[in-house]
Each structure stands twice: as C-alpha cells, then as structure tokens.
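Colleague: Sharing a structure, written as structure tokens. Questions coming.
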Amino acid sequence: MQSRYRTTLGGQVWRYDTLAQVMARATPDRAGDRLAGVAATSAQDRAAAQAVLADVPLQRFLEEALIPYEDDDVTRLIIDTHDAAAFAPVAHLTVGDFRDWLLSDLATPAVLAALRPGLTPEMAAAVCKIMRNQDLILVAQKCRVTTAFRGTIGLPGRLSTRVQPNHPVDDVNGIAASILDGLMYAGGDAVIGINPATDNVAQAGRLLHLMADIIDGYGIPTQSCVLTHVTNTLDCITAGAPVDLVFQSVGGTQGTNDAFGFTLDHLAQAQDAALGLGRGTVGTNVMYFETGQGSSLSAGANHGLDQQTCEARAYAVARHYDPLLVNTVVGFIGPEYLYDGREIARAGLEDHFCGKLLGLPMGCDICYTNHAEADQNDVDSLMTLLGVAGVSFIMGVPGSDDIMLNYQSTSFHDALYLRRALGLKPAPEFDAWLARMGIMDSADGFRLGDGMPDGFAKRLAGAAHG
Amino acid sequence: MDNRVTDNPWRSLRRFTDARIGMGRAGVSLPTAELLAFQMAHAQARDAVHQPLDVARLVADLGAIDGVLPALTVQSQAVDRADYLRHPDKGRRLAAGAALPGDAPELAIVIADGLSSRAVQDHAAAMVAALMAQMPGVRMSAPVIAVQGRVAIGDDIAAAMDAAAVLVLIGERPGLSSPDSLGLYFTQNPGPGLSDARRNCISNVRPAGLLPGHAAARFAYLYAQAQVLGTSGVALKDNSAPLLADAAATSFLSPPRTE
C-alpha cells in the first residue's frame, strides 16, 4: 500500500508509515527521542518529515488518534472535550498553513483565545515542530492567559515567581529563612511552594500551617502549596489543613499518570475539595501542575511517540482542571532526555508555546542537573528568551541552588535581572504589597529598599536572641 | 563609603539552612565573591558525577559490621559512566552472568553507585549498620553492590534472589551543597517491570540531612506497614509521626498571635 505520508525531495523519496512517525521524525533533535528510537535517522530525514508534516491537514488529528481512544484516557479526554465550533476558523488549514496563520495579523490575542477549545495538543505539537525559536516566542506573546487566587497571574507586562524554599529535612526555621530571603528579594507572587523531603502526610500539614500563618500574618497576596501527591493533599484537606493549591505532576498518557499513581478522577475530586475551602480572594484557580518532556518515556508509556508530543498531551490533562499555574520543569529530568543547554532551551520554548496556545498559565522551571552539559549561562539565555515570550512565572531558589532536590534553577536575583532588562512587574496585588512594605519600587527601576519591614526586622531580631 | 555591594542582615539565618540566603547584591545582581563560590561548587558537583566507586573499600567497610553477610558485587548492563548517562535502561538491568544466591531473604539489600559514588562510599555502610540495629528480626540478604546501577536494578536482583522485598541504597544526583546524598528506595513484592508508583523513597541521607538512624527508623515503619498491606508505593502512606525534634509548625518568622 502507498503510504499517505511521503514526499520527494532532490530526487529522493521519503516515506513514513504513520502520523506518529512523521511527528517524531520532524522533531528537532534531542536525546530522549534518540533513546526511544523514534528520532530522525539523518538531518535530511528530519527536513523531509517536516515537509510531510506541513502538508497534513489539522483535521487529520481528529481522525487519527496517535494513541487509540479505547486504550488511553488522555486521548478520550482530548477527543471528548474537543469543540468543533471553536475549531472552525482553522479547520481548513494544513499544519504549514496553520504556522502562517498563527504568525499573521489575523491571529490576534482575542482570536487566539477563542480558538483554544478547538485545538488539540497534537495540533499544537505538530505546528511547533516546524516553527523556529523566534516563531515560538512571537506567537506565545500573543497568547494571554490570566488566572487568579489571591493574586492575578499572567497579565501583560508582568512576571511572577515561585519562592521555592526547600530544605533537606523540612526544618521549619530553614524553610522560613528561605521564604524571608525570597520575599525580601521581591519573590513569591506565583506561589510559595515547598517540595517536601518525604511523603509524610503529617509533615505536609505542618508545612501548610507554617505558610498560612506567614501569608495571613503579613497580609501577603499570594498562595501556598506543598508539592506532595494529590492523594496526600486530599488527606490534608480531610484533616483540616489550610490548603490553597493542589499539586500534581501530570503526564500526557494514561500509563504515565498510572506511574505517577493517580487517575483523572483524583484530580477532579481534589479540585472540588480545594474549591470547597473557598480560600481564594480574587479567583478560583486552585490547581498547580508540573510537567516535563521525557516523563512518558521514563515511565515506559510513550506509545512510540516523541517526547514533545507526549508533553503537549499533558497540557490537555492540565487545562481540564483550570489550574492557577502550570510549570514545565524543563531541565530536571536529566541528559538522557535533554542532553545539553541547547536541547533544554528548545524544549523550554516549545513547552511554553504549546501550553500558552492551549490556554494554560505557563511557567517554566529553567534548570539543569549536574550530570547535564549545561551551566548558569544556559539558564541566563533561556530565561531571557522566555521573558521576551511572556512566560507567566519562573522559579526563585536562593542562589539558584536547591539544597533538597539537588539541581540548579533560577534565583531571586535572576528574576530581578529579568524585571530590569525587560521591564516586567510582579502581579499587581503583590506589587502593591511590595511597595507598601518598602521592599521594592517597580516604578523606580525596580529598586530594592535599604531596610527591612518592621515585622520582619522584629522576627529577625527575635531569632538572633532566641 | 563604598556601597557597590549591599549586604543582607538576614544572612545570619544561615545557621538554620545551607541554602544560599542573604547573599547580598550589586544592584540586583550577585556580588563577585558569591559568583565565584558558586562556580567552584558547580565544578565540584560536576566532578562528583564522574568519580568511580571504590568497591574494594566499600566491601571492607561492610565486612566490619557485625552480623552482615559478606557483600556481593554485580554490574549493570552499562559498561561505563558515559554509557550509563546516555542509556538509563542499561543501568536498570543486571548484566548477564551475575551469581546471586536464591536464598529467598525477607529483605534484599542493594547498594548502587547511582549518580554519586561519594554518597555510597561515605554513608552506605553506616546506613546498613543502622538498618541491622533497627530491624534485628528481619532476615536480610548479603549486601549486593551494583556498579553503574539505577534504582530499578533492585527489581532484577530481588528476582534473582527470590526476595520478598528490596531496599536500594543509591547515590542521588549531586547538588552544589550536597554532593554526598544517599537515597533509599523500597519495594515490597518486587519484580521486573514495576513502575515508580510501587516504590517508597526516603531521600537526603547524609550528615547535614537525614541521619542514618532516623532514616532506619522511618524505613522500619514503612516496612512494618508494608507487611500488613502486602504492597508498597503510593498505597503505603508514611503516617509515622514527624521524627524531627522541631515538631511544631511555627518558625522564627511566624507572626505572634497578638500582632
């Protein structure tokens, strides 16, 4: 049988068996796809696959599921929630046409927002594969996604940060010291989010109380999260702990989520439970998801798909539960999946673009491990690119060094660099709090205050004598 | 007065944490001294990844512990560090020809170099000693040292030994402030092909983190629960009381109730 996926370039015929194979071969080169055995076999193979992919009608992605509907609950979620009316404006386009359309002046922020329920993750992944980095930046800039809980995330000209005050044994004073450092460097408007050292439920509850007391006591317009398993957070809610946001790592196939130990029902249940607490003041987005290319292959559940396509499918899971924050942890998984700074940068831009196009409040943990070929200069480059692209939030780790998770991310200083270089303010509620406390004046070149707010100074003095 | 660099008074809080807090700033950027200190720490962590495990020394250290059977050594399918870093699957599989006794221990003890041989070299023997002291009634295997090993190699080893449960002690990815952190991964009823959802993890075992005695106590709790449940992983919750001295939820930063 003649494959429908073929092209002739320079006298040579290139044939592909399936849509999944076209997608994988068309993907810019990276370690995880080589590891999975799905990468292009040569540079020409990749270019040919990109040419074939550009001719595929977007409609095809609704007809040919990359993972069968019967086998996978993420596929079922994607197909069952697809909005044909929203899709209509682009229903006649090929992938190549779609790239032109996205870059054209037809695709205004309002038009792109209306399109979201009509797009599937596979369509976003496909067009992403034939876009250059500058295309990914320019289109992402036009995708405005705003969410809210105690502050508003994602407004134009804004950049939020997570304070990530991790400690290897969850020592409350150690964690509080990093929270204070973050607040004094104007960080924390996205979330104060702790990765706990263990999965101990009582400990998670303790950390939730610790953060709630600080947020309430100093009137900080932000939210807290303990990044523990969704079922642990449900236990915390049942036990009466002050849960703002429910966390879960999510993947783009049912098998990946099985390996993470949750089902889609768990997410719905947890969202309901958190909404029932009614702790948000300016919005009702109560979920915080993390993702990252390579998780499906790592779980042995990639179904022959490339890792960027699997990642985009994770965004279908995320968007179903109206998250406040979605964070692609781009360099954490290690060099088997993203080998060096160049591969990490490409993946970060892809994830941000696909997430924003699908309507997610996309942030990025711009990071690397010590066994990857990367360093702080790679972090600086990707941070600047994502800042230009309009990333919703980045991490803030004291001095870039996470002493619990053992990797390097962006620091509080890094976020201030981005603010000054690109004129990006924090969330408006938090910005006003910073000004009131004398910590930072956005209107005066993001200048930091000289002293400490009285409340903090008293506690510091108390700690010195205690 | 020279005000190129602004110092932070809360740097004194470093007595609570190894985190790089209160670094000060030049404008909003890192002062030169902090920049250089970071470069050195990164260089040390990079070098730690490539340091090979001294197996003979580890065997000797384990042999000095009362009641521990003589340690065995096996290889994963990864032939060297480069192979290990690029092909995670090879590190999860036992190389052909490994001779392991099929004596059906209640708990197989596996020690894998992982990404930090230093963590294993410095802390694995102390961890095994703490386990022996904490769990005298459990029939443990001889420690199996897996060179170029990842966590899942414990499943292959447990199958070869017909073990009812397996605990893998492994060098975690080195951090800038913690190039020597040991992780513990536990599986009840192990078998090849299990996912991470079936494992429980206790991490950051090192002098500046969780001490071996505390880690052993926490593991003993998980192990006992697993015998009741007949499984491990997500279904097995760590509801042991917080083991830390500072069990309160208040810190120096917590606002007084009256304020």
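Chain labels follow the order of the structure tokens: the first chain is A, the next B, and so on; residue numbering restarts at 1 in every chain, and ligands are counted from 1 in their shown order.
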Could you produce a table of the residues of chain A lying within 6 Å of chain B, with the nearest pair of atoms per residue and their separation in Å rounded to one decimal, using only C-alpha atoms, ordered by chain and increasing residue number, as CSV?

Modeller:
```
residue,atom,partner,partner_atom,distance
A:Pro168,CA,B:Gly209,CA,5.6
A:Val169,CA,B:Gly209,CA,6.0
A:Val172,CA,B:Ser251,CA,5.6
A:Asn173,CA,B:Ser251,CA,5.0
A:Gly174,CA,B:Phe16,CA,4.6
A:Asp181,CA,B:Ile21,CA,5.9
A:Asn200,CA,B:Asp238,CA,4.7
A:Val201,CA,B:Asn239,CA,5.9
A:Arg206,CA,B:Ala249,CA,5.1
A:Leu210,CA,B:Ala249,CA,5.2
A:Ile214,CA,B:Ser254,CA,5.6
A:Gly217,CA,B:Pro255,CA,5.5
A:Ala259,CA,B:Ala197,CA,5.1
A:Phe260,CA,B:Ala197,CA,5.8
A:Gly261,CA,B:Ala197,CA,5.3
A:Glu336,CA,B:Arg86,CA,5.1
A:Asn370,CA,B:Arg46,CA,5.5
A:Pro398,CA,B:Arg20,CA,5.2
A:Gly399,CA,B:Arg20,CA,5.0
A:Asn406,CA,B:Gly175,CA,3.8
A:Tyr407,CA,B:Gly175,CA,5.6
A:His413,CA,B:Ser29,CA,5.7
A:Arg459,CA,B:Leu253,CA,5.6
A:Ala463,CA,B:Phe252,CA,5.7
```

Colleague: Filtering to N, CA, C and O atoms, could you give me those residues as a compact mmCIF listing (two decimals), in the first residue's frame?

Modeller:
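Output saved as out-v1.txt:
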```txt
# COMPACT_ATOMS: atom_id res chain seq x y z
N PRO A 168 16.36 20.06 53.16
CA PRO A 168 16.50 18.59 53.07
C PRO A 168 15.77 17.80 54.14
O PRO A 168 15.46 16.63 53.93
N VAL A 169 15.50 18.40 55.31
CA VAL A 169 14.71 17.67 56.31
C VAL A 169 13.47 18.47 56.71
O VAL A 169 12.90 18.26 57.79
N VAL A 172 11.55 23.75 59.83
CA VAL A 172 10.67 24.91 59.64
C VAL A 172 11.44 26.24 59.67
O VAL A 172 11.11 27.16 58.92
N ASN A 173 12.45 26.33 60.51
CA ASN A 173 13.23 27.58 60.52
C ASN A 173 14.07 27.73 59.25
O ASN A 173 14.21 28.83 58.72
N GLY A 174 14.59 26.61 58.75
CA GLY A 174 15.34 26.66 57.49
C GLY A 174 14.46 27.09 56.33
O GLY A 174 14.85 27.91 55.50
N ASP A 181 14.11 35.33 52.69
CA ASP A 181 15.05 35.75 51.65
C ASP A 181 14.30 36.05 50.36
O ASP A 181 14.51 37.09 49.72
N ASN A 200 5.45 12.23 54.02
CA ASN A 200 4.77 12.15 55.30
C ASN A 200 3.60 13.14 55.35
O ASN A 200 3.77 14.35 55.17
N VAL A 201 2.39 12.63 55.56
CA VAL A 201 1.18 13.47 55.49
C VAL A 201 1.14 14.49 56.62
O VAL A 201 0.80 15.66 56.41
N ARG A 206 1.84 20.24 58.56
CA ARG A 206 2.64 21.18 59.34
C ARG A 206 3.17 22.32 58.45
O ARG A 206 3.12 23.49 58.82
N LEU A 210 2.47 26.36 58.57
CA LEU A 210 3.60 27.30 58.62
C LEU A 210 3.41 28.42 57.59
O LEU A 210 3.51 29.61 57.91
N ILE A 214 2.26 32.67 57.89
CA ILE A 214 3.09 33.76 57.35
C ILE A 214 2.27 34.61 56.37
O ILE A 214 2.27 35.84 56.43
N GLY A 217 -0.41 36.43 58.41
CA GLY A 217 0.15 37.36 59.39
C GLY A 217 0.70 38.63 58.78
O GLY A 217 0.60 39.70 59.38
N ALA A 259 1.91 5.64 36.40
CA ALA A 259 3.21 5.60 37.08
C ALA A 259 3.31 6.69 38.15
O ALA A 259 3.98 6.52 39.16
N PHE A 260 2.65 7.83 37.91
CA PHE A 260 2.59 8.89 38.93
C PHE A 260 1.62 8.51 40.05
O PHE A 260 1.53 9.22 41.06
N GLY A 261 0.83 7.46 39.83
CA GLY A 261 -0.02 6.95 40.90
C GLY A 261 -1.32 7.71 41.08
O GLY A 261 -1.84 7.79 42.19
N GLU A 336 19.64 12.22 29.65
CA GLU A 336 19.15 11.14 28.79
C GLU A 336 18.00 11.65 27.92
O GLU A 336 17.69 11.06 26.89
N ASN A 370 23.44 18.39 37.58
CA ASN A 370 24.89 18.40 37.48
C ASN A 370 25.45 17.30 36.60
O ASN A 370 26.66 17.24 36.41
N PRO A 398 16.96 30.25 46.43
CA PRO A 398 18.09 31.06 46.93
C PRO A 398 19.40 30.71 46.24
O PRO A 398 19.82 29.54 46.28
N GLY A 399 20.00 31.66 45.59
CA GLY A 399 21.29 31.44 44.94
C GLY A 399 21.28 30.35 43.88
O GLY A 399 22.32 29.80 43.56
N ASN A 406 18.63 19.01 44.71
CA ASN A 406 19.96 18.84 44.12
C ASN A 406 20.02 19.16 42.63
O ASN A 406 20.44 18.35 41.82
N TYR A 407 19.59 20.35 42.29
CA TYR A 407 19.73 20.84 40.92
C TYR A 407 19.76 22.37 40.98
O TYR A 407 19.56 22.95 42.06
N HIS A 413 17.66 36.70 42.45
CA HIS A 413 18.43 37.70 41.71
C HIS A 413 18.12 37.62 40.21
O HIS A 413 18.03 38.64 39.54
N ARG A 459 11.17 39.91 63.87
CA ARG A 459 11.32 38.45 63.92
C ARG A 459 12.79 38.06 63.77
O ARG A 459 13.26 37.13 64.42
N ALA A 463 14.99 36.03 66.38
CA ALA A 463 15.72 34.81 66.04
C ALA A 463 17.15 34.90 66.53
O ALA A 463 17.74 33.92 66.98
```

Colleague: DSSP says helix (DSSP H, G or I) for which residues of region 173-256 of chain A? Put them as a ChimeraX atom specification?

Modeller: /A:173-184,201-217,230-238,254-256

Colleague: Residues near Ser224 (chain A), anyone? I mean within 10 Å using only C-alpha atoms, not counting same-chain ones fewer than 3 positions away, as a PyMOL selection string.

Modeller: chain A and resi 162-163+188-194+207-212+214-215+227+242-246

Colleague: Skipping near chain neighbours, those fewer than 4 positions away, what residues fall within 9 Å of Val397 (chain A) using only C-alpha atoms, listed as a PyMOL selection string?

Modeller: (chain A and resi 162-166+178+182+401-402+408-412) or (chain B and resi 19-20)

Colleague: Check the DSSP output for the backbone and give back, as a list in words, the residues of region 278-397 of chain A in strand (DSSP E or B).

Modeller: Met287, Tyr288, Phe289, Glu290, Thr291, Pro323, Leu324, Leu325, Val326, Asn327, Thr328, Val329, Asp340, Met362, Gly363, Cys364, Asp365, Tyr368, Glu373, Phe393, Ile394, Met395 and Gly396 of chain A

Colleague: Those same residues - N, CA and C atoms - I'd like them written as a compact mmCIF listing (two decimals), in the first residue's frame.

Modeller:
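Just written: part-v6.txt:
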```
# COMPACT_ATOMS: atom_id res chain seq x y z
N MET A 287 -5.47 24.70 41.17
CA MET A 287 -4.59 23.58 40.86
C MET A 287 -3.21 24.09 40.42
N TYR A 288 -2.18 23.34 40.78
CA TYR A 288 -0.80 23.61 40.36
C TYR A 288 -0.24 22.32 39.78
N PHE A 289 0.04 22.32 38.47
CA PHE A 289 0.57 21.13 37.81
C PHE A 289 2.02 21.33 37.39
N GLU A 290 2.77 20.24 37.44
CA GLU A 290 4.10 20.24 36.84
C GLU A 290 4.21 19.14 35.78
N THR A 291 4.98 19.46 34.75
CA THR A 291 5.15 18.56 33.61
C THR A 291 6.62 18.59 33.21
N PRO A 323 -6.10 25.25 36.08
CA PRO A 323 -5.01 25.50 37.02
C PRO A 323 -4.67 26.98 37.18
N LEU A 324 -4.14 27.32 38.35
CA LEU A 324 -3.56 28.65 38.56
C LEU A 324 -2.20 28.72 37.89
N LEU A 325 -1.47 27.60 37.94
CA LEU A 325 -0.09 27.55 37.47
C LEU A 325 0.20 26.21 36.81
N VAL A 326 0.90 26.24 35.68
CA VAL A 326 1.44 25.01 35.09
C VAL A 326 2.93 25.26 34.83
N ASN A 327 3.74 24.36 35.35
CA ASN A 327 5.17 24.58 35.33
C ASN A 327 5.85 23.44 34.58
N THR A 328 6.50 23.75 33.45
CA THR A 328 7.31 22.72 32.79
C THR A 328 8.71 22.75 33.39
N VAL A 329 9.08 21.64 34.00
CA VAL A 329 10.36 21.56 34.72
C VAL A 329 11.38 21.05 33.71
N ASP A 340 21.80 18.82 26.59
CA ASP A 340 22.63 19.99 26.92
C ASP A 340 21.78 21.26 26.91
N MET A 362 1.31 29.28 31.73
CA MET A 362 2.54 28.50 31.61
C MET A 362 3.73 29.20 32.24
N GLY A 363 4.35 28.50 33.17
CA GLY A 363 5.63 28.95 33.71
C GLY A 363 6.68 27.92 33.38
N CYS A 364 7.90 28.23 33.75
CA CYS A 364 8.99 27.30 33.44
C CYS A 364 10.01 27.27 34.58
N ASP A 365 10.33 26.05 35.00
CA ASP A 365 11.47 25.87 35.88
C ASP A 365 12.69 25.71 34.98
N TYR A 368 18.83 22.85 35.37
CA TYR A 368 19.70 21.78 34.88
C TYR A 368 20.22 21.00 36.07
N GLU A 373 25.05 18.64 30.37
CA GLU A 373 26.03 19.57 29.81
C GLU A 373 25.40 20.95 29.75
N PHE A 393 5.46 32.72 34.84
CA PHE A 393 6.23 32.71 36.09
C PHE A 393 7.46 31.83 35.96
N ILE A 394 8.44 32.10 36.80
CA ILE A 394 9.64 31.26 36.88
C ILE A 394 9.88 30.93 38.36
N MET A 395 10.85 30.08 38.61
CA MET A 395 11.16 29.69 39.99
C MET A 395 12.07 30.73 40.63
N GLY A 396 12.05 30.73 41.97
CA GLY A 396 13.02 31.51 42.72
C GLY A 396 13.61 30.63 43.80
```

Colleague: Using only C-alpha atoms, which protein or nucleic acid residues come within 8 Å of region 152-157 of chain B? Drop anything in the same chain fewer than 4 positions from it, and give the result as an NGL selection string.

Modeller: :B and (76 or 91-94 or 100 or 110 or 146 or 161 or 166-168 or 190-194)

Colleague: So that I can check the surroundings of Asp71 (chain A), please list as JSON, numbers by chain every protein, DNA and RNA residue that reaches within 12 Å of it, counting only C-alpha atoms and ignoring chain neighbours fewer than 5 positions away.

Modeller: {"A": [65, 66, 76, 77, 253, 254, 255, 301, 303]}

Colleague: Quick one: of B:Asn3, B:Gln121, B:Ser232, B:Thr187, who's nearest to Arg57 (chain B), counting only C-alpha atoms?

Modeller: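 Going through B:Asn3, B:Gln121, B:Ser232, B:Thr187 one by one, the smallest distance to Arg57 (chain B) is for B:Gln121.
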
Colleague: Would you work out the distance separating CA of Asp45 (chain A) from CA of Pro57 (chain A), expressed in Å to one decimal?

Modeller: 20.6 Å

Colleague: One decimal, Å: what's the distance from CA of Ser249 (chain A) over to CA of Val22 (chain A), could you say?

Modeller: 28.0 Å
